[in-house]
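The file run.cif contains mmCIF, C-alpha atoms and all ligand atoms:
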```
data_entry
#
loop_
_atom_site.group_PDB
_atom_site.id
_atom_site.type_symbol
_atom_site.label_atom_id
_atom_site.label_comp_id
_atom_site.auth_asym_id
_atom_site.auth_seq_id
_atom_site.Cartn_x
_atom_site.Cartn_y
_atom_site.Cartn_z
ATOM 1 C CA MET A 1 -13.022 16.771 10.592
ATOM 2 C CA SER A 2 -15.712 14.110 10.514
ATOM 3 C CA ASP A 3 -17.637 12.996 13.599
ATOM 4 C CA ALA A 4 -15.883 9.636 13.279
ATOM 5 C CA LEU A 5 -12.519 11.353 13.590
ATOM 6 C CA ARG A 6 -13.706 13.125 16.755
ATOM 7 C CA ALA A 7 -13.971 9.679 18.353
ATOM 8 C CA VAL A 8 -10.236 9.029 17.802
ATOM 9 C CA GLN A 9 -8.321 10.365 20.804
ATOM 10 C CA LEU A 10 -5.170 12.168 19.626
ATOM 11 C CA VAL A 11 -2.331 14.219 21.016
ATOM 12 C CA CYS A 12 -0.358 16.945 19.256
ATOM 13 C CA PRO A 13 2.764 15.382 17.635
ATOM 14 C CA ARG A 14 4.744 18.512 18.587
ATOM 15 C CA CYS A 15 3.844 19.020 22.248
ATOM 16 C CA ARG A 16 1.764 15.917 23.201
ATOM 17 C CA ALA A 17 -1.179 18.049 24.459
ATOM 18 C CA ARG A 18 -4.692 16.834 23.540
ATOM 19 C CA LEU A 19 -5.735 17.688 19.972
ATOM 20 C CA GLU A 20 -9.095 19.303 19.319
ATOM 21 C CA ALA A 21 -11.169 18.516 16.235
ATOM 22 C CA THR A 22 -11.828 21.423 13.875
ATOM 23 C CA THR A 23 -13.849 21.693 10.672
ATOM 24 C CA LEU A 24 -10.670 21.428 8.556
ATOM 25 C CA GLY A 25 -8.678 18.959 10.640
ATOM 26 C CA ALA A 26 -7.309 19.293 14.143
ATOM 27 C CA SER A 27 -5.644 21.986 16.208
ATOM 28 C CA CYS A 28 -3.574 22.202 19.372
ATOM 29 C CA ALA A 29 -4.566 24.877 21.893
ATOM 30 C CA ALA A 30 -1.307 24.375 23.831
ATOM 31 C CA CYS A 31 1.230 25.165 21.075
ATOM 32 C CA GLY A 32 -0.995 26.596 18.332
ATOM 33 C CA SER A 33 -0.177 23.916 15.716
ATOM 34 C CA GLY A 34 -2.799 23.092 13.118
ATOM 35 C CA TYR A 35 -3.168 19.825 11.164
ATOM 36 C CA ALA A 36 -5.119 19.611 7.919
ATOM 37 C CA THR A 37 -7.377 16.902 6.520
ATOM 38 C CA ARG A 38 -6.840 16.202 2.807
ATOM 39 C CA ASP A 39 -8.871 13.637 0.860
ATOM 40 C CA GLY A 40 -10.247 12.357 4.145
ATOM 41 C CA ILE A 41 -6.810 11.779 5.693
ATOM 42 C CA LEU A 42 -5.623 13.817 8.689
ATOM 43 C CA ASP A 43 -1.973 14.765 8.166
ATOM 44 C CA LEU A 44 -0.182 14.698 11.532
ATOM 45 C CA ARG A 45 3.378 14.634 10.175
ATOM 46 C CA ILE A 46 6.028 16.955 11.562
ATOM 47 C CA GLY A 47 9.050 15.137 10.075
ATOM 48 C CA ARG A 48 10.480 11.629 10.036
ATOM 49 C CA VAL A 49 13.025 10.597 12.675
ATOM 50 C CA GLY A 50 15.767 8.022 12.023
ATOM 51 C CA ALA A 51 16.126 5.553 9.161
ATOM 52 C CA VAL A 52 13.401 4.636 6.657
ATOM 53 C CA GLY A 53 11.266 1.682 7.808
ATOM 54 C CA TYR A 54 9.434 0.697 4.645
ATOM 55 C CA ASP A 55 9.643 0.847 0.857
ATOM 56 C CA PRO A 56 6.334 2.342 -0.353
ATOM 57 C CA HIS A 57 6.756 1.072 -3.912
ATOM 58 C CA TYR A 58 5.362 -2.284 -2.659
ATOM 59 C CA PHE A 59 1.918 -0.896 -1.811
ATOM 60 C CA PRO A 60 0.327 -1.338 -5.275
ATOM 61 C CA THR A 61 1.611 -4.951 -5.353
ATOM 62 C CA LEU A 62 0.316 -5.623 -1.843
ATOM 63 C CA ALA A 63 -3.072 -4.120 -2.622
ATOM 64 C CA ALA A 64 -3.290 -6.303 -5.755
ATOM 65 C CA VAL A 65 -2.305 -9.645 -4.189
ATOM 66 C CA GLU A 66 -3.396 -9.527 -0.554
ATOM 67 C CA ARG A 67 -6.903 -10.844 -1.139
ATOM 68 C CA SER A 68 -5.597 -14.094 -2.669
ATOM 69 C CA HIS A 69 -1.886 -14.580 -1.836
ATOM 70 C CA TYR A 70 -1.496 -17.507 0.596
ATOM 71 C CA TRP A 71 0.583 -15.533 3.109
ATOM 72 C CA PHE A 72 -1.987 -12.736 3.461
ATOM 73 C CA VAL A 73 -4.939 -15.150 3.473
ATOM 74 C CA ALA A 74 -3.367 -17.294 6.220
ATOM 75 C CA ARG A 75 -2.377 -14.280 8.299
ATOM 76 C CA ARG A 76 -5.807 -12.666 8.271
ATOM 77 C CA GLU A 77 -7.564 -15.931 9.209
ATOM 78 C CA VAL A 78 -5.132 -16.583 12.067
ATOM 79 C CA VAL A 79 -5.544 -13.020 13.356
ATOM 80 C CA ARG A 80 -9.349 -13.328 13.302
ATOM 81 C CA ASP A 81 -9.335 -16.770 14.992
ATOM 82 C CA VAL A 82 -6.845 -15.824 17.697
ATOM 83 C CA LEU A 83 -8.613 -12.522 18.433
ATOM 84 C CA ARG A 84 -11.968 -14.305 18.785
ATOM 85 C CA ASP A 85 -10.416 -16.902 21.112
ATOM 86 C CA ALA A 86 -8.432 -14.486 23.296
ATOM 87 C CA VAL A 87 -10.839 -11.524 23.448
ATOM 88 C CA PRO A 88 -14.365 -12.687 24.403
ATOM 89 C CA ASP A 89 -15.776 -9.124 24.320
ATOM 90 C CA LEU A 90 -14.253 -8.359 20.907
ATOM 91 C CA ALA A 91 -17.533 -6.918 19.546
ATOM 92 C CA GLU A 92 -17.620 -4.289 22.322
ATOM 93 C CA ARG A 93 -14.180 -2.929 21.424
ATOM 94 C CA ALA A 94 -13.046 -0.789 18.489
ATOM 95 C CA LEU A 95 -9.824 -1.605 16.671
ATOM 96 C CA PHE A 96 -7.295 1.088 15.821
ATOM 97 C CA ASP A 97 -4.581 -0.273 13.488
ATOM 98 C CA ILE A 98 -1.071 1.163 13.484
ATOM 99 C CA GLY A 99 0.830 0.779 10.201
ATOM 100 C CA CYS A 100 -2.217 -0.373 8.246
ATOM 101 C CA GLY A 101 -0.419 -0.731 4.885
ATOM 102 C CA SER A 102 -2.899 -1.134 2.042
ATOM 103 C CA GLY A 103 -5.651 -2.040 4.531
ATOM 104 C CA GLY A 104 -6.575 -5.577 3.442
ATOM 105 C CA LEU A 105 -6.322 -7.079 6.915
ATOM 106 C CA LEU A 106 -8.311 -4.254 8.487
ATOM 107 C CA GLU A 107 -11.004 -4.610 5.832
ATOM 108 C CA PHE A 108 -11.200 -8.369 6.510
ATOM 109 C CA LEU A 109 -11.488 -7.884 10.288
ATOM 110 C CA GLY A 110 -14.193 -5.262 9.776
ATOM 111 C CA ALA A 111 -16.127 -7.681 7.538
ATOM 112 C CA SER A 112 -15.657 -10.365 10.243
ATOM 113 C CA GLY A 113 -17.525 -8.246 12.774
ATOM 114 C CA VAL A 114 -14.666 -6.445 14.543
ATOM 115 C CA PRO A 115 -15.713 -2.786 15.053
ATOM 116 C CA LEU A 116 -13.103 -0.452 13.520
ATOM 117 C CA ALA A 117 -12.003 2.826 15.143
ATOM 118 C CA GLY A 118 -9.463 3.919 12.515
ATOM 119 C CA ALA A 119 -5.932 3.447 11.283
ATOM 120 C CA CYS A 120 -2.662 5.241 10.729
ATOM 121 C CA ASP A 121 0.292 4.788 8.414
ATOM 122 C CA ALA A 122 3.425 6.706 7.514
ATOM 123 C CA TYR A 123 2.777 6.580 3.747
ATOM 124 C CA PRO A 124 0.143 8.547 1.796
ATOM 125 C CA GLU A 125 0.409 5.862 -0.929
ATOM 126 C CA SER A 126 -0.944 3.198 1.452
ATOM 127 C CA LEU A 127 -3.670 5.367 2.967
ATOM 128 C CA ALA A 128 -4.950 6.203 -0.530
ATOM 129 C CA PHE A 129 -5.707 2.454 -0.953
ATOM 130 C CA VAL A 130 -7.307 2.214 2.485
ATOM 131 C CA ARG A 131 -9.473 5.262 1.772
ATOM 132 C CA ARG A 132 -11.034 3.452 -1.202
ATOM 133 C CA ARG A 133 -11.752 0.360 0.918
ATOM 134 C CA LEU A 134 -12.898 1.675 4.288
ATOM 135 C CA ALA A 135 -14.832 4.636 5.673
ATOM 136 C CA VAL A 136 -12.871 4.948 8.933
ATOM 137 C CA PRO A 137 -10.735 7.819 10.266
ATOM 138 C CA LEU A 138 -7.249 7.680 8.716
ATOM 139 C CA LEU A 139 -4.149 9.428 10.009
ATOM 140 C CA LEU A 140 -0.878 10.118 8.233
ATOM 141 C CA VAL A 141 1.901 9.932 10.847
ATOM 142 C CA ASP A 142 5.700 10.077 10.967
ATOM 143 C CA GLU A 143 8.033 7.117 10.821
ATOM 144 C CA GLY A 144 10.377 6.976 13.769
ATOM 145 C CA ARG A 145 7.990 8.821 16.102
ATOM 146 C CA PHE A 146 5.457 7.219 18.429
ATOM 147 C CA PRO A 147 1.953 7.476 16.925
ATOM 148 C CA PRO A 148 0.218 10.532 18.438
ATOM 149 C CA LEU A 149 -2.493 8.559 20.229
ATOM 150 C CA ALA A 150 -3.959 9.862 23.494
ATOM 151 C CA SER A 151 -5.183 7.363 26.083
ATOM 152 C CA GLY A 152 -8.593 5.771 25.737
ATOM 153 C CA TYR A 153 -8.203 2.905 23.260
ATOM 154 C CA SER A 154 -9.684 -0.538 23.833
ATOM 155 C CA LEU A 155 -7.965 -2.465 21.020
ATOM 156 C CA LEU A 156 -4.756 -1.624 19.125
ATOM 157 C CA SER A 157 -2.991 -3.631 16.434
ATOM 158 C CA LEU A 158 0.473 -3.791 14.856
ATOM 159 C CA PHE A 159 0.421 -6.297 12.002
ATOM 160 C CA ASP A 160 4.007 -6.913 10.848
ATOM 161 C CA VAL A 161 5.071 -3.431 11.908
ATOM 162 C CA LEU A 162 7.173 -3.812 15.084
ATOM 163 C CA GLU A 163 10.078 -5.400 13.188
ATOM 164 C CA HIS A 164 10.374 -2.203 11.085
ATOM 165 C CA ILE A 165 10.794 0.003 14.190
ATOM 166 C CA ASP A 166 14.164 0.754 15.848
ATOM 167 C CA ASP A 167 12.774 1.312 19.362
ATOM 168 C CA ASP A 168 10.392 -1.627 19.649
ATOM 169 C CA VAL A 169 10.165 -1.702 23.459
ATOM 170 C CA GLY A 170 9.607 2.086 23.575
ATOM 171 C CA THR A 171 6.782 1.668 21.049
ATOM 172 C CA LEU A 172 5.181 -1.112 23.116
ATOM 173 C CA ARG A 173 5.400 1.070 26.250
ATOM 174 C CA HIS A 174 3.797 3.947 24.373
ATOM 175 C CA LEU A 175 0.928 1.757 23.151
ATOM 176 C CA PHE A 176 0.457 0.404 26.686
ATOM 177 C CA GLU A 177 -0.164 3.998 27.810
ATOM 178 C CA ALA A 178 -2.627 4.617 24.962
ATOM 179 C CA LEU A 179 -4.738 1.626 26.045
ATOM 180 C CA ASP A 180 -7.397 1.799 28.734
ATOM 181 C CA PRO A 181 -6.869 -0.610 31.639
ATOM 182 C CA GLY A 182 -8.140 -3.914 30.234
ATOM 183 C CA GLY A 183 -7.224 -2.728 26.717
ATOM 184 C CA ILE A 184 -5.792 -5.225 24.239
ATOM 185 C CA LEU A 185 -2.832 -5.128 21.860
ATOM 186 C CA VAL A 186 -2.692 -7.684 19.049
ATOM 187 C CA LEU A 187 0.428 -7.995 16.924
ATOM 188 C CA THR A 188 2.172 -10.199 14.389
ATOM 189 C CA VAL A 189 5.926 -10.272 13.691
ATOM 190 C CA PRO A 190 8.369 -12.417 11.691
ATOM 191 C CA ALA A 191 9.785 -15.220 13.844
ATOM 192 C CA HIS A 192 13.079 -17.040 14.369
ATOM 193 C CA PRO A 193 16.127 -14.732 14.290
ATOM 194 C CA PHE A 194 18.140 -17.507 12.576
ATOM 195 C CA LEU A 195 15.917 -17.093 9.492
ATOM 196 C CA PHE A 196 16.962 -13.433 9.079
ATOM 197 C CA ASP A 197 18.260 -13.072 5.516
ATOM 198 C CA GLU A 198 18.458 -10.704 2.573
ATOM 199 C CA MET A 199 14.661 -10.811 2.169
ATOM 200 C CA ASP A 200 14.383 -9.262 5.634
ATOM 201 C CA GLU A 201 16.972 -6.684 4.638
ATOM 202 C CA ILE A 202 15.048 -5.779 1.485
ATOM 203 C CA ALA A 203 11.884 -5.492 3.574
ATOM 204 C CA LEU A 204 13.799 -3.133 5.932
ATOM 205 C CA HIS A 205 13.250 -5.440 8.909
ATOM 206 C CA ARG A 206 15.375 -4.486 11.927
ATOM 207 C CA ARG A 207 15.046 -7.990 13.374
ATOM 208 C CA ARG A 208 13.014 -11.194 13.638
ATOM 209 C CA TYR A 209 11.700 -12.342 17.043
ATOM 210 C CA SER A 210 11.994 -15.477 19.077
ATOM 211 C CA ARG A 211 8.861 -16.384 21.023
ATOM 212 C CA SER A 212 10.627 -15.768 24.341
ATOM 213 C CA ASP A 213 12.076 -12.420 23.200
ATOM 214 C CA LEU A 214 8.674 -11.108 22.079
ATOM 215 C CA GLY A 215 7.077 -12.297 25.330
ATOM 216 C CA ARG A 216 9.796 -10.648 27.388
ATOM 217 C CA LYS A 217 9.510 -7.320 25.546
ATOM 218 C CA LEU A 218 5.719 -7.274 25.984
ATOM 219 C CA ARG A 219 6.099 -7.947 29.720
ATOM 220 C CA VAL A 220 8.826 -5.282 30.057
ATOM 221 C CA ALA A 221 6.343 -2.806 28.538
ATOM 222 C CA GLY A 222 3.806 -3.777 31.220
ATOM 223 C CA PHE A 223 1.587 -6.170 29.282
ATOM 224 C CA GLU A 224 0.016 -9.400 30.464
ATOM 225 C CA ILE A 225 0.161 -12.010 27.727
ATOM 226 C CA ARG A 226 -3.109 -13.685 26.783
ATOM 227 C CA SER A 227 -1.850 -15.577 23.769
ATOM 228 C CA LEU A 228 1.539 -16.009 22.098
ATOM 229 C CA ALA A 229 1.864 -18.525 19.291
ATOM 230 C CA HIS A 230 3.774 -19.436 16.177
ATOM 231 C CA PHE A 231 2.051 -19.736 12.815
ATOM 232 C CA MET A 232 3.071 -20.317 9.176
ATOM 233 C CA ALA A 233 5.016 -23.452 10.146
ATOM 234 C CA PRO A 234 5.112 -24.814 6.536
ATOM 235 C CA LEU A 235 7.167 -21.762 5.521
ATOM 236 C CA VAL A 236 10.057 -22.500 7.892
ATOM 237 C CA PRO A 237 11.645 -25.358 5.885
ATOM 238 C CA LEU A 238 11.123 -23.303 2.723
ATOM 239 C CA VAL A 239 13.516 -20.569 3.868
ATOM 240 C CA PRO A 240 16.690 -22.742 3.914
ATOM 241 C CA LEU A 241 15.460 -24.170 0.595
ATOM 242 C CA ARG A 242 15.325 -20.608 -0.702
ATOM 243 C CA TRP A 243 18.910 -20.048 0.464
ATOM 244 C CA LEU A 244 20.014 -23.137 -1.503
ATOM 245 C CA VAL A 245 18.134 -22.134 -4.647
ATOM 246 C CA SER A 246 19.389 -18.547 -4.470
ATOM 247 C CA ALA A 247 22.977 -19.873 -4.588
ATOM 248 C CA LEU A 248 22.315 -21.518 -7.976
ATOM 249 C CA PRO A 249 23.693 -19.680 -11.009
ATOM 250 C CA GLY A 250 21.341 -17.415 -12.985
ATOM 251 C CA ARG A 251 18.810 -16.924 -10.177
ATOM 252 C CA GLY A 252 18.447 -13.148 -10.584
ATOM 253 C CA SER A 253 18.774 -10.439 -7.979
ATOM 254 C CA ALA A 254 17.335 -10.594 -4.467
ATOM 255 C CA MET A 255 14.920 -7.835 -5.508
ATOM 256 C CA GLU A 256 13.616 -10.013 -8.387
ATOM 257 C CA ARG A 257 13.202 -12.972 -6.038
ATOM 258 C CA ARG A 258 11.286 -10.769 -3.597
ATOM 259 C CA ARG A 259 8.959 -9.736 -6.433
ATOM 260 C CA ALA A 260 8.506 -13.401 -7.346
ATOM 261 C CA GLU A 261 7.548 -14.238 -3.745
ATOM 262 C CA LEU A 262 4.812 -11.617 -3.805
ATOM 263 C CA ALA A 263 3.348 -12.900 -7.083
ATOM 264 C CA VAL A 264 0.288 -15.164 -6.965
ATOM 265 C CA THR A 265 1.306 -18.360 -8.824
ATOM 266 C CA PRO A 266 -1.915 -20.420 -9.148
ATOM 267 C CA VAL A 267 -0.790 -24.010 -8.328
ATOM 268 C CA LEU A 268 1.766 -23.036 -5.679
ATOM 269 C CA ASN A 269 -0.657 -20.566 -4.132
ATOM 270 C CA GLY A 270 -3.375 -23.233 -3.901
ATOM 271 C CA LEU A 271 -0.990 -25.737 -2.298
ATOM 272 C CA MET A 272 0.273 -23.220 0.217
ATOM 273 C CA ARG A 273 -3.249 -22.087 1.105
ATOM 274 C CA ALA A 274 -4.225 -25.705 1.712
ATOM 275 C CA ALA A 275 -1.136 -26.378 3.858
ATOM 276 C CA LEU A 276 -1.700 -23.248 5.916
ATOM 277 C CA ARG A 277 -5.394 -24.084 6.372
ATOM 278 C CA LEU A 278 -4.326 -27.399 7.947
ATOM 279 C CA GLU A 279 -2.237 -25.643 10.578
ATOM 280 C CA ARG A 280 -5.025 -23.320 11.758
ATOM 281 C CA PRO A 281 -6.353 -25.609 14.557
ATOM 282 C CA LEU A 282 -2.765 -26.070 15.782
ATOM 283 C CA VAL A 283 -2.236 -22.306 15.912
ATOM 284 C CA ARG A 284 -5.440 -21.892 17.954
ATOM 285 C CA ALA A 285 -4.234 -24.625 20.322
ATOM 286 C CA ARG A 286 -0.851 -22.811 20.537
ATOM 287 C CA VAL A 287 1.044 -26.065 20.089
ATOM 288 C CA LEU A 288 3.211 -25.272 17.058
ATOM 289 C CA PRO A 289 6.870 -25.320 18.168
ATOM 290 C CA PHE A 290 7.891 -23.197 15.173
ATOM 291 C CA GLY A 291 6.449 -21.049 12.394
ATOM 292 C CA SER A 292 7.805 -18.164 10.342
ATOM 293 C CA SER A 293 5.470 -15.727 12.154
ATOM 294 C CA LEU A 294 4.365 -15.040 15.718
ATOM 295 C CA ILE A 295 1.036 -13.673 16.902
ATOM 296 C CA ALA A 296 0.605 -12.150 20.344
ATOM 297 C CA VAL A 297 -2.465 -10.895 22.177
ATOM 298 C CA ALA A 298 -1.544 -8.898 25.271
ATOM 299 C CA ALA A 299 -3.590 -6.888 27.758
ATOM 300 C CA ARG A 300 -2.970 -3.827 29.871
ATOM 301 C CA PRO A 301 -3.886 -5.191 33.316
ATOM 302 C CA LEU A 302 -7.029 -3.790 34.990
HETATM 303 ZN ZN ZN B 401 0.831 21.142 20.412
#
```

Kindly return the structure encoded in the file as structure tokens.
Amino acid sequence: MSDALRAVQLVCPRCRARLEATTLGASCAACGSGYATRDGILDLRIGRVGAVGYDPHYFPTLAAVERSHYWFVARREVVRDVLRDAVPDLAERALFDIGCGSGGLLEFLGASGVPLAGACDAYPESLAFVRRRLAVPLLLVDEGRFPPLASGYSLLSLFDVLEHIDDDVGTLRHLFEALDPGGILVLTVPAHPFLFDEMDEIALHRRRYSRSDLGRKLRVAGFEIRSLAHFMAPLVPLVPLRWLVSALPGRGSAMERRRAELAVTPVLNGLMRAALRLERPLVRARVLPFGSSLIAVAARPL
């Protein structure tokens, strides 16, 4: 186990006692369980609980398009801007990302000066991409179980992850406990429950969030909200348009349309990037009344 991994505070997934770093991985003195590191990734899985939350066959596509696709470009810039605005001592914290996917957003935040503590994901396929991009501790964890984080974190993130989780409030409560007093959680989720459609179903989303619902759930978990705002407003009118177009004959399966949405089409991508760049000051001012995504920054009170 690397020195960097020693800095990540973990509990045993089986018994929730503190995990100790070993030369080969980590071990639990309380129940005797051992966890191995393979290819630089600490495997903390003990078995998935509940329904599948993600389809890992998307990871190669995500890794290929996320540097240039308008949706990923807009999201990472909004996350960076909002974090800088809402967390003045950002440089003194270290970000641990839960459900890091192929790692593009984490890589961007690291390059933007946010210190990185590490990341976890439930899929070895995604962590293999992250491993090639970033030299931070990486953990392989179970879907359907709370990530085995001990207390002591200053900054946690869930970027488009909460909507894949059955027990969202339980997860928020768990992350609240993993944060130090004054610790920050930043998250993004899909917005507007009325937009929920077959694309959400294909993406294995459990739900989309209204602004008030996300705020309420964060407060129920104990958080104080520092920032809660819509973004990706230009995408909202495009969803009903998509419903109309999908009803036309010969439009292909929902799966094919999902693949088409993830493709980078040069002219469309340029237009969408420009439109989303225009909304950035409005997101920072938190004045957008709608947007297909929500970003929240919430703190565990001191
Ligand atoms: Zn144990």

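Proximity to ligand ZN 401 (chain B) was assessed for A:Pro124, A:Pro249, A:Pro148, A:Pro60 counting all atoms listed in the file; the smallest distance is recorded for A:Pro148.
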
Could the residues of chain A that have an atom at most 12 Å from ligand ZN 401 (chain B) be listed as CSV, each with its closest atom pair and the distance in Å to one decimal, counting all atoms listed in the file and ordered by chain and ascending residue number?
```
residue,atom,partner,partner_atom,distance
A:Leu10,CA,B:ZN401,ZN,10.8
A:Val11,CA,B:ZN401,ZN,7.6
A:Cys12,CA,B:ZN401,ZN,4.5
A:Pro13,CA,B:ZN401,ZN,6.7
A:Arg14,CA,B:ZN401,ZN,5.1
A:Cys15,CA,B:ZN401,ZN,4.1
A:Arg16,CA,B:ZN401,ZN,6.0
A:Ala17,CA,B:ZN401,ZN,5.5
A:Arg18,CA,B:ZN401,ZN,7.7
A:Leu19,CA,B:ZN401,ZN,7.4
A:Glu20,CA,B:ZN401,ZN,10.2
A:Ala26,CA,B:ZN401,ZN,10.4
A:Ser27,CA,B:ZN401,ZN,7.8
A:Cys28,CA,B:ZN401,ZN,4.6
A:Ala29,CA,B:ZN401,ZN,6.7
A:Ala30,CA,B:ZN401,ZN,5.2
A:Cys31,CA,B:ZN401,ZN,4.1
A:Gly32,CA,B:ZN401,ZN,6.1
A:Ser33,CA,B:ZN401,ZN,5.5
A:Gly34,CA,B:ZN401,ZN,8.4
A:Tyr35,CA,B:ZN401,ZN,10.2
A:Leu44,CA,B:ZN401,ZN,11.0
A:Ile46,CA,B:ZN401,ZN,11.1
A:Pro148,CA,B:ZN401,ZN,10.8
```

Kindly save the residues from that selection, with C-alpha atoms included, as a PDB file, in the coordinates of the input.
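Written output follows (part_36.pdb):
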```pdb
ATOM      1  CA  LEU A  10      -5.170  12.168  19.626  1.00  0.00           C
ATOM      2  CA  VAL A  11      -2.331  14.219  21.016  1.00  0.00           C
ATOM      3  CA  CYS A  12      -0.358  16.945  19.256  1.00  0.00           C
ATOM      4  CA  PRO A  13       2.764  15.382  17.635  1.00  0.00           C
ATOM      5  CA  ARG A  14       4.744  18.512  18.587  1.00  0.00           C
ATOM      6  CA  CYS A  15       3.844  19.020  22.248  1.00  0.00           C
ATOM      7  CA  ARG A  16       1.764  15.917  23.201  1.00  0.00           C
ATOM      8  CA  ALA A  17      -1.179  18.049  24.459  1.00  0.00           C
ATOM      9  CA  ARG A  18      -4.692  16.834  23.540  1.00  0.00           C
ATOM     10  CA  LEU A  19      -5.735  17.688  19.972  1.00  0.00           C
ATOM     11  CA  GLU A  20      -9.095  19.303  19.319  1.00  0.00           C
ATOM     12  CA  ALA A  26      -7.309  19.293  14.143  1.00  0.00           C
ATOM     13  CA  SER A  27      -5.644  21.986  16.208  1.00  0.00           C
ATOM     14  CA  CYS A  28      -3.574  22.202  19.372  1.00  0.00           C
ATOM     15  CA  ALA A  29      -4.566  24.877  21.893  1.00  0.00           C
ATOM     16  CA  ALA A  30      -1.307  24.375  23.831  1.00  0.00           C
ATOM     17  CA  CYS A  31       1.230  25.165  21.075  1.00  0.00           C
ATOM     18  CA  GLY A  32      -0.995  26.596  18.332  1.00  0.00           C
ATOM     19  CA  SER A  33      -0.177  23.916  15.716  1.00  0.00           C
ATOM     20  CA  GLY A  34      -2.799  23.092  13.118  1.00  0.00           C
ATOM     21  CA  TYR A  35      -3.168  19.825  11.164  1.00  0.00           C
ATOM     22  CA  LEU A  44      -0.182  14.698  11.532  1.00  0.00           C
ATOM     23  CA  ILE A  46       6.028  16.955  11.562  1.00  0.00           C
ATOM     24  CA  PRO A 148       0.218  10.532  18.438  1.00  0.00           C
TER      25      PRO A 148
END
```

**Item:** Nearest residue to Met272 in chain A from the set A:Thr37, A:His69, A:Val239, A:Glu107 (distances using only C-alpha atoms)
**Value:**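 Closest candidate: A:His69.
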
**Message:** Residues within 12 Å of (-11.1, -14.1, 14.3), file coordinates, counting all atoms listed in the file: what are they? Give the list as a PyMOL selection string.
**Reply:** chain A and resi 74-88+90-91+105-106+108-114+186+280+284

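If you apply the PyMOL selection byres (((chain A and resi 275) around 12) and not hetatm) to this structure, you end up with Tyr70, Trp71, Val73, Ala74, Phe231, Met232, Ala233, Pro234, Leu235, Leu268, Asn269, Gly270, Leu271, Met272, Arg273, Ala274, Leu276, Arg277, Leu278, Glu279, Arg280 and Pro281 of chain A.
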
Write out, as a PDB file, keeping the file's coordinate frame, the residues just selected, with C-alpha atoms.
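Output (part.pdb):
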```pdb
ATOM      1  CA  TYR A  70      -1.496 -17.507   0.596  1.00  0.00           C
ATOM      2  CA  TRP A  71       0.583 -15.533   3.109  1.00  0.00           C
ATOM      3  CA  VAL A  73      -4.939 -15.150   3.473  1.00  0.00           C
ATOM      4  CA  ALA A  74      -3.367 -17.294   6.220  1.00  0.00           C
ATOM      5  CA  PHE A 231       2.051 -19.736  12.815  1.00  0.00           C
ATOM      6  CA  MET A 232       3.071 -20.317   9.176  1.00  0.00           C
ATOM      7  CA  ALA A 233       5.016 -23.452  10.146  1.00  0.00           C
ATOM      8  CA  PRO A 234       5.112 -24.814   6.536  1.00  0.00           C
ATOM      9  CA  LEU A 235       7.167 -21.762   5.521  1.00  0.00           C
ATOM     10  CA  LEU A 268       1.766 -23.036  -5.679  1.00  0.00           C
ATOM     11  CA  ASN A 269      -0.657 -20.566  -4.132  1.00  0.00           C
ATOM     12  CA  GLY A 270      -3.375 -23.233  -3.901  1.00  0.00           C
ATOM     13  CA  LEU A 271      -0.990 -25.737  -2.298  1.00  0.00           C
ATOM     14  CA  MET A 272       0.273 -23.220   0.217  1.00  0.00           C
ATOM     15  CA  ARG A 273      -3.249 -22.087   1.105  1.00  0.00           C
ATOM     16  CA  ALA A 274      -4.225 -25.705   1.712  1.00  0.00           C
ATOM     17  CA  LEU A 276      -1.700 -23.248   5.916  1.00  0.00           C
ATOM     18  CA  ARG A 277      -5.394 -24.084   6.372  1.00  0.00           C
ATOM     19  CA  LEU A 278      -4.326 -27.399   7.947  1.00  0.00           C
ATOM     20  CA  GLU A 279      -2.237 -25.643  10.578  1.00  0.00           C
ATOM     21  CA  ARG A 280      -5.025 -23.320  11.758  1.00  0.00           C
ATOM     22  CA  PRO A 281      -6.353 -25.609  14.557  1.00  0.00           C
TER      23      PRO A 281
END
```

Pull out every residue that the PyMOL selection byres (((chain A and resi 182) around 7) and not hetatm) matches in the shown coordinates and put them as a compact mmCIF listing (two decimals) with C-alpha atoms, in the frame of the given file.
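What follows is the written file result-v1.txt:
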```txt
# COMPACT_ATOMS: atom_id res chain seq x y z
CA ASP A 180 -7.40 1.80 28.73
CA PRO A 181 -6.87 -0.61 31.64
CA GLY A 183 -7.22 -2.73 26.72
CA ILE A 184 -5.79 -5.22 24.24
CA ALA A 299 -3.59 -6.89 27.76
CA ARG A 300 -2.97 -3.83 29.87
CA PRO A 301 -3.89 -5.19 33.32
CA LEU A 302 -7.03 -3.79 34.99
```

**Prompt:** In Å, with one decimal, what is the gap from CA of Thr23 in chain A to CA of Ile41 in chain A?
**Reply:** 13.1 Å

**Message:** I'd like the residues picked by the PyMOL selection byres (((chain A and resi 99) around 8) and not hetatm) written out as an NGL selection string, using the chain letters and numbers from the file.
**Reply:** :A and (97-98 or 100-101 or 119-122 or 158-159 or 161)

**Message:** As an exercise, work out the distance from CA of Pro115 in chain A to CA of Arg93 in chain A in Å and give it to one decimal place.
**Reply:**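 Calculated distance between CA of Pro115 in chain A and CA of Arg93 in chain A is 6.6 Å.
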
**Request:** Using only C-alpha atoms, determine which residues lie at most 10 Å from Phe196 in chain A, disregarding the query and same-chain residues fewer than 5 positions distant; provide the list as a ChimeraX atom specification.
**Result:** /A:190-191,201,205-209,239

**Asked** Which residue, A:Phe72, A:Asp39, A:Glu143, A:Arg216, has the smallest gap to Val130 in chain A when you use all atoms listed in the file?
**Response**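 Checking each candidate against Val130 in chain A, we get A:Asp39 as the closest.
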
**Request:** Using only C-alpha atoms, find the one residue out of A:Leu187, A:Val49, A:Gly40, A:Ser68 that sits nearest to Arg132 in chain A.
**Result:**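 Between A:Leu187, A:Val49, A:Gly40, A:Ser68, the residue approaching Arg132 in chain A most closely is A:Gly40.
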